[in-house]
file protein_8.cif (mmCIF, C-alpha atoms)
data_data
#
loop_
_atom_site.group_PDB
_atom_site.id
_atom_site.type_symbol
_atom_site.label_atom_id
_atom_site.label_comp_id
_atom_site.auth_asym_id
_atom_site.auth_seq_id
_atom_site.Cartn_x
_atom_site.Cartn_y
_atom_site.Cartn_z
ATOM 1 C CA MET A 1 17.681 29.610 -26.369
ATOM 2 C CA SER A 2 20.178 26.984 -25.209
ATOM 3 C CA ALA A 3 19.136 27.604 -21.610
ATOM 4 C CA VAL A 4 15.511 27.020 -22.528
ATOM 5 C CA LEU A 5 16.379 23.790 -24.303
ATOM 6 C CA GLN A 6 18.338 22.593 -21.296
ATOM 7 C CA THR A 7 15.502 23.261 -18.865
ATOM 8 C CA THR A 8 12.800 21.671 -20.991
ATOM 9 C CA GLY A 9 14.777 18.737 -22.400
ATOM 10 C CA PRO A 10 14.893 16.429 -19.346
ATOM 11 C CA ALA A 11 11.093 16.403 -19.077
ATOM 12 C CA VAL A 12 10.928 14.300 -22.269
ATOM 13 C CA GLU A 13 13.575 11.803 -21.220
ATOM 14 C CA PRO A 14 11.651 10.284 -18.288
ATOM 15 C CA VAL A 15 8.684 9.536 -20.580
ATOM 16 C CA ALA A 16 10.822 7.393 -22.891
ATOM 17 C CA ASN A 17 12.543 5.784 -19.919
ATOM 18 C CA HIS A 18 9.219 4.942 -18.291
ATOM 19 C CA ARG A 19 7.924 3.337 -21.482
ATOM 20 C CA LEU A 20 11.032 1.174 -21.621
ATOM 21 C CA SER A 21 10.570 0.336 -17.949
ATOM 22 C CA LEU A 22 6.982 -0.781 -18.558
ATOM 23 C CA ARG A 23 8.180 -3.113 -21.302
ATOM 24 C CA ARG A 24 10.747 -4.541 -18.902
ATOM 25 C CA PHE A 25 8.051 -4.976 -16.290
ATOM 26 C CA GLY A 26 5.907 -6.853 -18.820
ATOM 27 C CA ARG A 27 8.713 -9.353 -19.326
ATOM 28 C CA ASN A 28 8.870 -10.101 -15.584
ATOM 29 C CA ARG A 29 6.465 -13.027 -15.248
ATOM 30 C CA LEU A 30 6.355 -12.964 -11.456
ATOM 31 C CA ALA A 31 5.517 -9.254 -11.387
ATOM 32 C CA VAL A 32 2.833 -9.667 -14.048
ATOM 33 C CA ALA A 33 1.385 -12.601 -12.093
ATOM 34 C CA GLY A 34 1.287 -10.373 -9.008
ATOM 35 C CA LEU A 35 -0.569 -7.687 -10.962
ATOM 36 C CA VAL A 36 -3.072 -10.285 -12.198
ATOM 37 C CA VAL A 37 -3.628 -11.511 -8.627
ATOM 38 C CA VAL A 38 -4.301 -7.964 -7.384
ATOM 39 C CA VAL A 39 -6.749 -7.258 -10.223
ATOM 40 C CA LEU A 40 -8.564 -10.543 -9.595
ATOM 41 C CA PHE A 41 -8.903 -9.788 -5.883
ATOM 42 C CA LEU A 42 -10.217 -6.300 -6.649
ATOM 43 C CA LEU A 43 -12.838 -7.822 -8.946
ATOM 44 C CA PHE A 44 -13.608 -10.510 -6.371
ATOM 45 C CA CYS A 45 -14.154 -8.036 -3.530
ATOM 46 C CA PHE A 46 -15.939 -5.239 -5.384
ATOM 47 C CA ALA A 47 -17.730 -6.978 -8.275
ATOM 48 C CA GLY A 48 -18.179 -10.379 -6.629
ATOM 49 C CA PRO A 49 -21.086 -9.329 -4.357
ATOM 50 C CA LEU A 50 -23.066 -8.359 -7.451
ATOM 51 C CA LEU A 51 -23.005 -12.000 -8.549
ATOM 52 C CA TYR A 52 -22.969 -13.672 -5.118
ATOM 53 C CA SER A 53 -25.223 -11.631 -2.859
ATOM 54 C CA THR A 54 -25.201 -12.349 0.889
ATOM 55 C CA ASP A 55 -26.357 -10.646 4.086
ATOM 56 C CA GLN A 56 -23.288 -9.628 6.105
ATOM 57 C CA VAL A 57 -25.141 -7.476 8.640
ATOM 58 C CA HIS A 58 -27.839 -9.631 10.227
ATOM 59 C CA THR A 59 -27.162 -12.913 12.009
ATOM 60 C CA ASP A 60 -28.855 -16.218 11.186
ATOM 61 C CA LEU A 61 -28.567 -18.633 14.101
ATOM 62 C CA HIS A 62 -30.188 -21.403 12.042
ATOM 63 C CA GLN A 63 -27.224 -21.414 9.667
ATOM 64 C CA VAL A 64 -24.226 -21.333 12.043
ATOM 65 C CA ASN A 65 -20.980 -23.227 11.419
ATOM 66 C CA LEU A 66 -22.189 -24.979 8.274
ATOM 67 C CA ALA A 67 -19.533 -26.807 6.258
ATOM 68 C CA PRO A 68 -18.883 -25.747 2.646
ATOM 69 C CA GLY A 69 -21.678 -26.923 0.401
ATOM 70 C CA GLY A 70 -24.061 -26.042 -2.394
ATOM 71 C CA SER A 71 -25.850 -23.135 -0.718
ATOM 72 C CA HIS A 72 -22.754 -21.811 1.068
ATOM 73 C CA TRP A 73 -19.667 -22.422 -1.030
ATOM 74 C CA LEU A 74 -17.252 -21.730 1.846
ATOM 75 C CA GLY A 75 -19.630 -22.556 4.702
ATOM 76 C CA THR A 76 -20.832 -20.174 7.403
ATOM 77 C CA ASP A 77 -19.330 -18.702 10.572
ATOM 78 C CA ALA A 78 -20.443 -18.736 14.217
ATOM 79 C CA VAL A 79 -23.274 -16.236 13.643
ATOM 80 C CA GLY A 80 -24.514 -17.582 10.311
ATOM 81 C CA HIS A 81 -22.716 -15.252 7.928
ATOM 82 C CA ASP A 82 -21.814 -16.776 4.576
ATOM 83 C CA GLU A 83 -18.021 -17.141 4.628
ATOM 84 C CA LEU A 84 -17.484 -16.496 0.912
ATOM 85 C CA GLY A 85 -19.547 -13.325 1.100
ATOM 86 C CA ARG A 86 -17.687 -12.312 4.241
ATOM 87 C CA LEU A 87 -14.389 -12.839 2.438
ATOM 88 C CA MET A 88 -15.524 -10.332 -0.175
ATOM 89 C CA PHE A 89 -16.939 -7.993 2.480
ATOM 90 C CA GLY A 90 -13.759 -8.082 4.579
ATOM 91 C CA GLY A 91 -11.524 -7.830 1.527
ATOM 92 C CA ARG A 92 -13.050 -4.474 0.665
ATOM 93 C CA VAL A 93 -11.891 -3.024 3.972
ATOM 94 C CA SER A 94 -8.432 -4.615 3.768
ATOM 95 C CA LEU A 95 -7.821 -3.471 0.194
ATOM 96 C CA VAL A 96 -9.308 0.018 0.600
ATOM 97 C CA VAL A 97 -7.359 0.664 3.800
ATOM 98 C CA GLY A 98 -4.164 -0.799 2.341
ATOM 99 C CA LEU A 99 -4.344 1.144 -0.922
ATOM 100 C CA ALA A 100 -5.458 4.433 0.636
ATOM 101 C CA ALA A 101 -2.992 4.260 3.540
ATOM 102 C CA GLY A 102 -0.145 3.314 1.203
ATOM 103 C CA LEU A 103 -0.988 6.244 -1.076
ATOM 104 C CA LEU A 104 -1.266 8.661 1.856
ATOM 105 C CA ALA A 105 2.043 7.476 3.337
ATOM 106 C CA THR A 106 3.761 7.818 -0.044
ATOM 107 C CA VAL A 107 2.425 11.345 -0.605
ATOM 108 C CA ILE A 108 3.510 12.526 2.848
ATOM 109 C CA GLY A 109 6.888 10.811 2.563
ATOM 110 C CA THR A 110 7.482 12.189 -0.926
ATOM 111 C CA LEU A 111 6.780 15.789 0.083
ATOM 112 C CA TRP A 112 8.833 15.506 3.275
ATOM 113 C CA GLY A 113 11.790 13.775 1.627
ATOM 114 C CA ALA A 114 11.850 16.111 -1.378
ATOM 115 C CA ALA A 115 11.733 19.180 0.875
ATOM 116 C CA ALA A 116 14.483 17.874 3.140
ATOM 117 C CA GLY A 117 16.778 16.781 0.334
ATOM 118 C CA TYR A 118 16.351 19.955 -1.689
ATOM 119 C CA ALA A 119 16.722 22.306 1.295
ATOM 120 C CA GLY A 120 19.861 20.621 2.611
ATOM 121 C CA GLY A 121 21.877 22.035 5.494
ATOM 122 C CA TRP A 122 20.368 22.346 8.956
ATOM 123 C CA ALA A 123 16.799 21.946 7.658
ATOM 124 C CA ASP A 124 17.661 18.581 6.145
ATOM 125 C CA ALA A 125 19.432 17.513 9.352
ATOM 126 C CA VAL A 126 16.466 18.431 11.581
ATOM 127 C CA MET A 127 13.858 16.874 9.286
ATOM 128 C CA MET A 128 15.750 13.608 8.925
ATOM 129 C CA ARG A 129 16.396 13.336 12.685
ATOM 130 C CA ILE A 130 12.602 13.480 13.080
ATOM 131 C CA VAL A 131 12.349 10.629 10.580
ATOM 132 C CA ASP A 132 15.011 8.614 12.413
ATOM 133 C CA ALA A 133 13.182 9.096 15.702
ATOM 134 C CA GLY A 134 9.917 7.965 14.136
ATOM 135 C CA ILE A 135 11.489 4.850 12.612
ATOM 136 C CA ALA A 136 12.834 3.892 16.043
ATOM 137 C CA ILE A 137 9.237 3.517 17.314
ATOM 138 C CA PRO A 138 7.533 0.366 15.928
ATOM 139 C CA ALA A 139 4.487 1.242 13.842
ATOM 140 C CA LEU A 140 2.550 -1.681 15.314
ATOM 141 C CA PHE A 141 3.078 -0.296 18.823
ATOM 142 C CA ILE A 142 1.634 3.081 17.805
ATOM 143 C CA LEU A 143 -1.331 1.382 16.147
ATOM 144 C CA LEU A 144 -2.047 -0.674 19.254
ATOM 145 C CA VAL A 145 -1.929 2.416 21.473
ATOM 146 C CA VAL A 146 -4.240 4.403 19.180
ATOM 147 C CA SER A 147 -6.634 1.456 18.801
ATOM 148 C CA ALA A 148 -6.760 1.000 22.573
ATOM 149 C CA ILE A 149 -7.613 4.677 23.100
ATOM 150 C CA THR A 150 -10.278 5.006 20.422
ATOM 151 C CA THR A 151 -12.472 2.732 18.316
ATOM 152 C CA PRO A 152 -11.105 3.065 14.784
ATOM 153 C CA ASP A 153 -13.243 3.079 11.669
ATOM 154 C CA THR A 154 -12.065 2.646 8.095
ATOM 155 C CA LEU A 155 -11.121 6.309 7.682
ATOM 156 C CA GLY A 156 -9.386 6.332 11.063
ATOM 157 C CA LEU A 157 -7.270 3.307 10.133
ATOM 158 C CA ILE A 158 -6.287 4.934 6.847
ATOM 159 C CA VAL A 159 -5.179 8.162 8.550
ATOM 160 C CA VAL A 160 -3.295 6.428 11.365
ATOM 161 C CA LEU A 161 -1.556 3.996 9.020
ATOM 162 C CA GLY A 162 -0.611 6.807 6.657
ATOM 163 C CA LEU A 163 0.827 8.878 9.496
ATOM 164 C CA VAL A 164 3.007 6.032 10.811
ATOM 165 C CA SER A 165 4.128 4.631 7.438
ATOM 166 C CA TRP A 166 5.532 7.646 5.571
ATOM 167 C CA LEU A 167 8.999 7.506 7.130
ATOM 168 C CA VAL A 168 10.658 4.986 4.803
ATOM 169 C CA PRO A 169 9.390 6.628 1.576
ATOM 170 C CA SER A 170 10.683 9.970 2.824
ATOM 171 C CA ARG A 171 14.213 8.588 3.150
ATOM 172 C CA LEU A 172 14.094 7.076 -0.341
ATOM 173 C CA VAL A 173 12.841 10.289 -1.953
ATOM 174 C CA ARG A 174 15.304 12.394 0.021
ATOM 175 C CA ALA A 175 18.215 10.272 -1.266
ATOM 176 C CA GLU A 176 16.914 10.635 -4.817
ATOM 177 C CA THR A 177 16.518 14.387 -4.391
ATOM 178 C CA LEU A 178 20.094 14.792 -3.170
ATOM 179 C CA THR A 179 21.268 13.271 -6.443
ATOM 180 C CA LEU A 180 18.883 15.109 -8.752
ATOM 181 C CA LYS A 181 19.291 18.631 -7.355
ATOM 182 C CA SER A 182 22.897 18.740 -8.571
ATOM 183 C CA ARG A 183 21.998 17.793 -12.148
ATOM 184 C CA ASP A 184 22.691 20.320 -14.905
ATOM 185 C CA TYR A 185 19.054 20.932 -15.830
ATOM 186 C CA VAL A 186 18.173 21.833 -12.224
ATOM 187 C CA LEU A 187 21.187 24.125 -11.885
ATOM 188 C CA THR A 188 20.329 25.758 -15.227
ATOM 189 C CA LEU A 189 16.750 26.369 -14.119
ATOM 190 C CA ARG A 190 17.944 28.044 -10.924
ATOM 191 C CA ALA A 191 20.513 30.125 -12.836
ATOM 192 C CA THR A 192 17.813 31.431 -15.192
ATOM 193 C CA GLY A 193 15.604 32.600 -12.313
ATOM 194 C CA GLY A 194 13.474 29.529 -11.738
ATOM 195 C CA THR A 195 11.979 29.162 -8.272
ATOM 196 C CA HIS A 196 12.698 26.370 -5.818
ATOM 197 C CA GLY A 197 9.106 25.181 -6.150
ATOM 198 C CA ARG A 198 9.428 24.944 -9.924
ATOM 199 C CA ALA A 199 12.690 23.021 -9.605
ATOM 200 C CA VAL A 200 11.045 20.495 -7.298
ATOM 201 C CA THR A 201 7.759 20.091 -9.177
ATOM 202 C CA ARG A 202 9.201 20.305 -12.724
ATOM 203 C CA HIS A 203 12.368 18.223 -12.349
ATOM 204 C CA ILE A 204 12.904 16.616 -8.935
ATOM 205 C CA LEU A 205 9.538 14.887 -8.510
ATOM 206 C CA PRO A 206 9.030 13.825 -12.172
ATOM 207 C CA ASN A 207 12.483 12.240 -12.215
ATOM 208 C CA SER A 208 11.736 10.497 -8.899
ATOM 209 C CA VAL A 209 8.570 8.801 -10.168
ATOM 210 C CA SER A 210 10.200 5.385 -10.335
ATOM 211 C CA THR A 211 11.329 5.563 -6.705
ATOM 212 C CA ILE A 212 7.930 6.860 -5.595
ATOM 213 C CA VAL A 213 5.965 4.160 -7.439
ATOM 214 C CA VAL A 214 8.154 1.344 -6.128
ATOM 215 C CA ALA A 215 7.876 2.684 -2.576
ATOM 216 C CA ALA A 216 4.083 2.928 -2.896
ATOM 217 C CA THR A 217 3.668 -0.747 -3.796
ATOM 218 C CA PHE A 218 5.618 -1.861 -0.739
ATOM 219 C CA GLN A 219 3.706 0.587 1.451
ATOM 220 C CA VAL A 220 0.397 -0.950 0.346
ATOM 221 C CA ALA A 221 1.627 -4.443 1.221
ATOM 222 C CA ASP A 222 2.859 -3.250 4.623
ATOM 223 C CA ALA A 223 -0.433 -1.457 5.318
ATOM 224 C CA ILE A 224 -2.482 -4.584 4.563
ATOM 225 C CA LEU A 225 -0.298 -6.565 6.964
ATOM 226 C CA LEU A 226 -0.569 -3.921 9.685
ATOM 227 C CA VAL A 227 -4.363 -3.888 9.381
ATOM 228 C CA ALA A 228 -4.373 -7.664 9.672
ATOM 229 C CA TYR A 229 -2.163 -7.519 12.784
ATOM 230 C CA VAL A 230 -4.357 -4.973 14.550
ATOM 231 C CA SER A 231 -7.623 -6.671 13.590
ATOM 232 C CA TYR A 232 -6.279 -10.066 14.618
ATOM 233 C CA LEU A 233 -5.764 -8.620 18.102
ATOM 234 C CA GLY A 234 -9.361 -7.381 18.104
ATOM 235 C CA LEU A 235 -8.525 -3.680 17.739
ATOM 236 C CA GLY A 236 -9.493 -3.136 14.109
ATOM 237 C CA VAL A 237 -12.817 -2.140 12.578
ATOM 238 C CA GLN A 238 -15.756 -3.205 14.709
ATOM 239 C CA PRO A 239 -18.693 -5.519 13.772
ATOM 240 C CA PRO A 240 -20.653 -5.757 11.621
ATOM 241 C CA LYS A 241 -17.698 -4.545 9.559
ATOM 242 C CA THR A 242 -14.685 -6.794 9.326
ATOM 243 C CA ASP A 243 -11.477 -7.367 7.380
ATOM 244 C CA TRP A 244 -9.335 -10.390 6.689
ATOM 245 C CA GLY A 245 -7.421 -10.007 9.950
ATOM 246 C CA GLY A 246 -10.678 -9.841 11.895
ATOM 247 C CA MET A 247 -11.883 -12.988 10.129
ATOM 248 C CA LEU A 248 -8.698 -14.763 11.174
ATOM 249 C CA SER A 249 -9.212 -13.699 14.777
ATOM 250 C CA ALA A 250 -12.855 -14.805 14.783
ATOM 251 C CA GLY A 251 -12.071 -18.172 13.205
ATOM 252 C CA LEU A 252 -8.990 -19.068 15.239
ATOM 253 C CA THR A 253 -10.789 -20.987 18.017
ATOM 254 C CA ALA A 254 -13.121 -22.646 15.505
ATOM 255 C CA ALA A 255 -10.122 -24.001 13.590
ATOM 256 C CA TYR A 256 -9.312 -26.259 16.549
ATOM 257 C CA SER A 257 -12.776 -27.796 16.135
ATOM 258 C CA GLY A 258 -12.085 -28.699 12.525
ATOM 259 C CA ARG A 259 -13.836 -25.709 10.931
ATOM 260 C CA TRP A 260 -10.898 -24.916 8.685
ATOM 261 C CA TRP A 261 -13.023 -22.824 6.290
ATOM 262 C CA LEU A 262 -13.105 -20.008 8.852
ATOM 263 C CA ILE A 263 -9.353 -19.450 8.869
ATOM 264 C CA VAL A 264 -7.813 -20.844 5.669
ATOM 265 C CA PRO A 265 -9.549 -18.542 3.110
ATOM 266 C CA PRO A 266 -8.756 -15.204 4.836
ATOM 267 C CA GLY A 267 -5.227 -16.405 5.626
ATOM 268 C CA LEU A 268 -4.609 -17.334 2.003
ATOM 269 C CA ALA A 269 -6.115 -14.030 0.837
ATOM 270 C CA ILE A 270 -3.705 -12.031 3.007
ATOM 271 C CA ILE A 271 -0.705 -14.093 1.874
ATOM 272 C CA LEU A 272 -1.594 -13.897 -1.810
ATOM 273 C CA VAL A 273 -2.321 -10.159 -1.861
ATOM 274 C CA VAL A 274 0.753 -9.189 0.169
ATOM 275 C CA CYS A 275 3.012 -11.430 -1.937
ATOM 276 C CA ALA A 276 1.417 -10.017 -5.094
ATOM 277 C CA PHE A 277 2.135 -6.415 -4.105
ATOM 278 C CA ASN A 278 5.685 -7.351 -3.121
ATOM 279 C CA ALA A 279 6.174 -9.068 -6.495
ATOM 280 C CA ILE A 280 4.869 -5.954 -8.261
ATOM 281 C CA GLY A 281 7.250 -3.810 -6.218
ATOM 282 C CA ASP A 282 10.221 -6.046 -7.027
ATOM 283 C CA GLY A 283 9.266 -6.026 -10.700
ATOM 284 C CA LEU A 284 8.965 -2.248 -10.792
ATOM 285 C CA ARG A 285 12.268 -1.835 -8.958
ATOM 286 C CA ASP A 286 14.035 -4.029 -11.500
ATOM 287 C CA ALA A 287 12.253 -2.376 -14.431
ATOM 288 C CA PHE A 288 13.128 1.155 -13.349
ATOM 289 C CA ASP A 289 16.561 -0.018 -12.156
ATOM 290 C CA VAL A 290 16.364 2.303 -9.167
ATOM 291 C CA ARG A 291 19.533 0.980 -7.575
ATOM 292 C CA GLY A 292 21.524 1.352 -10.746
ATOM 293 C CA ARG A 293 20.755 4.991 -11.344
ATOM 294 C CA GLY A 294 23.221 7.593 -10.285
#

call {"tool": "encode", "arguments": {"input": "protein_8.cif", "output": "structure tokens"}}
result
Amino acid sequence: MSAVLQTTGPAVEPVANHRLSLRRFGRNRLAVAGLVVVVLFLLFCFAGPLLYSTDQVHTDLHQVNLAPGGSHWLGTDAVGHDELGRLMFGGRVSLVVGLAAGLLATVIGTLWGAAAGYAGGWADAVMMRIVDAGIAIPALFILLVVSAITTPDTLGLIVVLGLVSWLVPSRLVRAETLTLKSRDYVLTLRATGGTHGRAVTRHILPNSVSTIVVAATFQVADAILLVAYVSYLGLGVQPPKTDWGGMLSAGLTAAYSGRWWLIVPPGLAIILVVCAFNAIGDGLRDAFDVRGRG
């Protein structure tokens, strides 16, 4: 009976700890502000077009390069697209790719890091040398090579970003796993006949939730920046689709002619969203106290 209590007890502890962490997060004003910014941008990009409908597919050469005004709140671009509508349209791609790629990278990194840390020995050494080799190659370089070879779509960007961004989360989860696998409740589970898979899924991963969540927020911010980099260089999603990086690239030359509305809004959107996700990540890290756990 005592063995059963030992193996089932730790599953309750993380729930209480996570509730306390959420209360700590709620007291972090900067993190809460970041969460509000992200929610507002999600509403702006996905619900905004329902209230402010524009045509972002067809060109209108009679409405090109109009300054902000009553009919076009943020003006129009070089082919007559409404800039406010395009900001919503492009934000969908940036946010979807960032969120999906960050989630994919975190899932891959979590599974890889947990497997490496729990296996230990030569398997851990080989798996982590693969991670070290991958980190040595800049992710932006890989993205540029892939984008030059093929024309990426939204799904392609998500897959490529996820496959080049999982390395850092894997190291974080592996470090957490090395600590957790020597805990009493894991050793007790193994001594009572529990499988390795049960030890990982029942104890290692649930007790690593804080590390995984914090890593995911930073991965989303990094993915949004990487999409902006690639699109700014003209290698992102192709017209009529766009994202905030593509809007920056298209409006760069126009900015020298005084058409600031083509570059300031997407630039501010990228800065605000990336800073918001970073603030959320910092707030979660402090709330869960990842660095202080042993």

call {"tool": "closest_atom_pairs", "arguments": {"input": "protein_8.cif", "of": "range 114-175 of chain A", "to": "range 200-217 of chain A", "cutoff": "8 Å", "atoms": "all atoms listed in the file", "output": "Markdown table"}}
result
| residue | atom | partner | partner_atom | distance |
| --- | --- | --- | --- | --- |
| A:Ala114 | CA | A:Val200 | CA | 7.4 |
| A:Tyr118 | CA | A:Val200 | CA | 7.7 |
| A:Pro169 | CA | A:Ala215 | CA | 5.9 |
| A:Leu172 | CA | A:Thr211 | CA | 7.1 |
| A:Val173 | CA | A:Thr211 | CA | 6.9 |

call {"tool": "residues_around", "arguments": {"input": "protein_8.cif", "residues": "Ala78 in chain A", "least_positions_apart": "6", "cutoff": "12 Å", "atoms": "all atoms listed in the file", "output": "mmCIF file with C-alpha atoms, in the coordinates of the input"}}
result
data_model
loop_
_atom_site.group_PDB
_atom_site.id
_atom_site.type_symbol
_atom_site.label_atom_id
_atom_site.label_comp_id
_atom_site.auth_asym_id
_atom_site.auth_seq_id
_atom_site.Cartn_x
_atom_site.Cartn_y
_atom_site.Cartn_z
ATOM 1 C CA THR A 59 -27.162 -12.913 12.009
ATOM 2 C CA ASP A 60 -28.855 -16.218 11.186
ATOM 3 C CA LEU A 61 -28.567 -18.633 14.101
ATOM 4 C CA HIS A 62 -30.188 -21.403 12.042
ATOM 5 C CA GLN A 63 -27.224 -21.414 9.667
ATOM 6 C CA VAL A 64 -24.226 -21.333 12.043
ATOM 7 C CA ASN A 65 -20.980 -23.227 11.419
ATOM 8 C CA LEU A 66 -22.189 -24.979 8.274
ATOM 9 C CA ALA A 67 -19.533 -26.807 6.258
ATOM 10 C CA MET A 247 -11.883 -12.988 10.129
ATOM 11 C CA ALA A 250 -12.855 -14.805 14.783
ATOM 12 C CA GLY A 251 -12.071 -18.172 13.205
ATOM 13 C CA LEU A 252 -8.990 -19.068 15.239
ATOM 14 C CA THR A 253 -10.789 -20.987 18.017
ATOM 15 C CA ALA A 254 -13.121 -22.646 15.505
ATOM 16 C CA ALA A 255 -10.122 -24.001 13.590
ATOM 17 C CA ARG A 259 -13.836 -25.709 10.931
ATOM 18 C CA TRP A 261 -13.023 -22.824 6.290
ATOM 19 C CA LEU A 262 -13.105 -20.008 8.852
#

call {"tool": "axis_aligned_box", "arguments": {"input": "protein_8.cif", "around": "range 264-276 of chain A", "padding_each_side": "3 Å", "output": "JSON"}}
result
{"center_x": -3.3, "center_y": -15.0, "center_z": 0.3, "size_x": 18.6, "size_y": 17.7, "size_z": 16.8}

call {"tool": "atom_distance", "arguments": {"input": "protein_8.cif", "atom1": "CA of Pro265 in chain A", "atom2": "CA of Leu40 in chain A"}}
result
15.0 Å

call {"tool": "closest_residue", "arguments": {"input": "protein_8.cif", "among": "A:Ile270, A:Phe277, A:Gly98, A:Val264", "to": "Glu83 in chain A", "atoms": "only C-alpha atoms"}}
result
A:Val264

call {"tool": "residues_around", "arguments": {"input": "protein_8.cif", "residues": "Ser71 in chain A", "least_positions_apart": "2", "cutoff": "12 Å", "atoms": "all atoms listed in the file", "output": "PDB file with C-alpha atoms, in the coordinates of the input"}}
result
ATOM      1  CA  TYR A  52     -22.969 -13.672  -5.118  1.00  0.00           C
ATOM      2  CA  SER A  53     -25.223 -11.631  -2.859  1.00  0.00           C
ATOM      3  CA  THR A  54     -25.201 -12.349   0.889  1.00  0.00           C
ATOM      4  CA  GLN A  63     -27.224 -21.414   9.667  1.00  0.00           C
ATOM      5  CA  LEU A  66     -22.189 -24.979   8.274  1.00  0.00           C
ATOM      6  CA  ALA A  67     -19.533 -26.807   6.258  1.00  0.00           C
ATOM      7  CA  PRO A  68     -18.883 -25.747   2.646  1.00  0.00           C
ATOM      8  CA  GLY A  69     -21.678 -26.923   0.401  1.00  0.00           C
ATOM      9  CA  TRP A  73     -19.667 -22.422  -1.030  1.00  0.00           C
ATOM     10  CA  LEU A  74     -17.252 -21.730   1.846  1.00  0.00           C
ATOM     11  CA  GLY A  75     -19.630 -22.556   4.702  1.00  0.00           C
ATOM     12  CA  THR A  76     -20.832 -20.174   7.403  1.00  0.00           C
ATOM     13  CA  ASP A  82     -21.814 -16.776   4.576  1.00  0.00           C
ATOM     14  CA  GLU A  83     -18.021 -17.141   4.628  1.00  0.00           C
ATOM     15  CA  LEU A  84     -17.484 -16.496   0.912  1.00  0.00           C
ATOM     16  CA  GLY A  85     -19.547 -13.325   1.100  1.00  0.00           C
TER      17      GLY A  85
END

call {"tool": "residues_around", "arguments": {"input": "protein_8.cif", "residues": "Gly102 in chain A", "least_positions_apart": "6", "cutoff": "12 Å", "atoms": "only C-alpha atoms", "output": "ChimeraX atom specification"}}
result
/A:94-96,108-110,157-169,212-227,277

call {"tool": "write_last_selection", "arguments": {"input": "protein_8.cif", "atoms": "C-alpha atoms", "output": "mmCIF file, in the coordinates of the input"}}
result
data_model
loop_
_atom_site.group_PDB
_atom_site.id
_atom_site.type_symbol
_atom_site.label_atom_id
_atom_site.label_comp_id
_atom_site.auth_asym_id
_atom_site.auth_seq_id
_atom_site.Cartn_x
_atom_site.Cartn_y
_atom_site.Cartn_z
ATOM 1 C CA SER A 94 -8.432 -4.615 3.768
ATOM 2 C CA LEU A 95 -7.821 -3.471 0.194
ATOM 3 C CA VAL A 96 -9.308 0.018 0.600
ATOM 4 C CA ILE A 108 3.510 12.526 2.848
ATOM 5 C CA GLY A 109 6.888 10.811 2.563
ATOM 6 C CA THR A 110 7.482 12.189 -0.926
ATOM 7 C CA LEU A 157 -7.270 3.307 10.133
ATOM 8 C CA ILE A 158 -6.287 4.934 6.847
ATOM 9 C CA VAL A 159 -5.179 8.162 8.550
ATOM 10 C CA VAL A 160 -3.295 6.428 11.365
ATOM 11 C CA LEU A 161 -1.556 3.996 9.020
ATOM 12 C CA GLY A 162 -0.611 6.807 6.657
ATOM 13 C CA LEU A 163 0.827 8.878 9.496
ATOM 14 C CA VAL A 164 3.007 6.032 10.811
ATOM 15 C CA SER A 165 4.128 4.631 7.438
ATOM 16 C CA TRP A 166 5.532 7.646 5.571
ATOM 17 C CA LEU A 167 8.999 7.506 7.130
ATOM 18 C CA VAL A 168 10.658 4.986 4.803
ATOM 19 C CA PRO A 169 9.390 6.628 1.576
ATOM 20 C CA ILE A 212 7.930 6.860 -5.595
ATOM 21 C CA VAL A 213 5.965 4.160 -7.439
ATOM 22 C CA VAL A 214 8.154 1.344 -6.128
ATOM 23 C CA ALA A 215 7.876 2.684 -2.576
ATOM 24 C CA ALA A 216 4.083 2.928 -2.896
ATOM 25 C CA THR A 217 3.668 -0.747 -3.796
ATOM 26 C CA PHE A 218 5.618 -1.861 -0.739
ATOM 27 C CA GLN A 219 3.706 0.587 1.451
ATOM 28 C CA VAL A 220 0.397 -0.950 0.346
ATOM 29 C CA ALA A 221 1.627 -4.443 1.221
ATOM 30 C CA ASP A 222 2.859 -3.250 4.623
ATOM 31 C CA ALA A 223 -0.433 -1.457 5.318
ATOM 32 C CA ILE A 224 -2.482 -4.584 4.563
ATOM 33 C CA LEU A 225 -0.298 -6.565 6.964
ATOM 34 C CA LEU A 226 -0.569 -3.921 9.685
ATOM 35 C CA VAL A 227 -4.363 -3.888 9.381
ATOM 36 C CA PHE A 277 2.135 -6.415 -4.105
#

call {"tool": "residues_near_point", "arguments": {"input": "protein_8.cif", "point": "(6.4, -14.0, -6.4)", "cutoff": "12 Å", "atoms": "only C-alpha atoms", "output": "number ranges by chain"}}
result
A: 28-37, 271-283

call {"tool": "resolve_selection", "arguments": {"input": "protein_8.cif", "expression": "the PyMOL selection byres ((chain A and resi 242) around 12)", "output": "count of residues only"}}
result
41

call {"tool": "closest_residue", "arguments": {"input": "protein_8.cif", "among": "A:Leu140, A:Trp260, A:Leu42, A:Ala125", "to": "Tyr229 in chain A", "atoms": "only C-alpha atoms"}}
result
A:Leu140

call {"tool": "atom_distance", "arguments": {"input": "protein_8.cif", "atom1": "CA of Ser257 in chain A", "atom2": "CA of His72 in chain A"}}
result
19.0 Å

call {"tool": "resolve_selection", "arguments": {"input": "protein_8.cif", "expression": "the PyMOL selection byres ((chain A and resi 199) around 12)", "output": "number ranges by chain"}}
result
A: 7-8, 10-11, 114-115, 118-119, 177, 180-198, 200-207

call {"tool": "atom_distance", "arguments": {"input": "protein_8.cif", "atom1": "CA of Leu284 in chain A", "atom2": "CA of Met127 in chain A"}}
result
28.2 Å
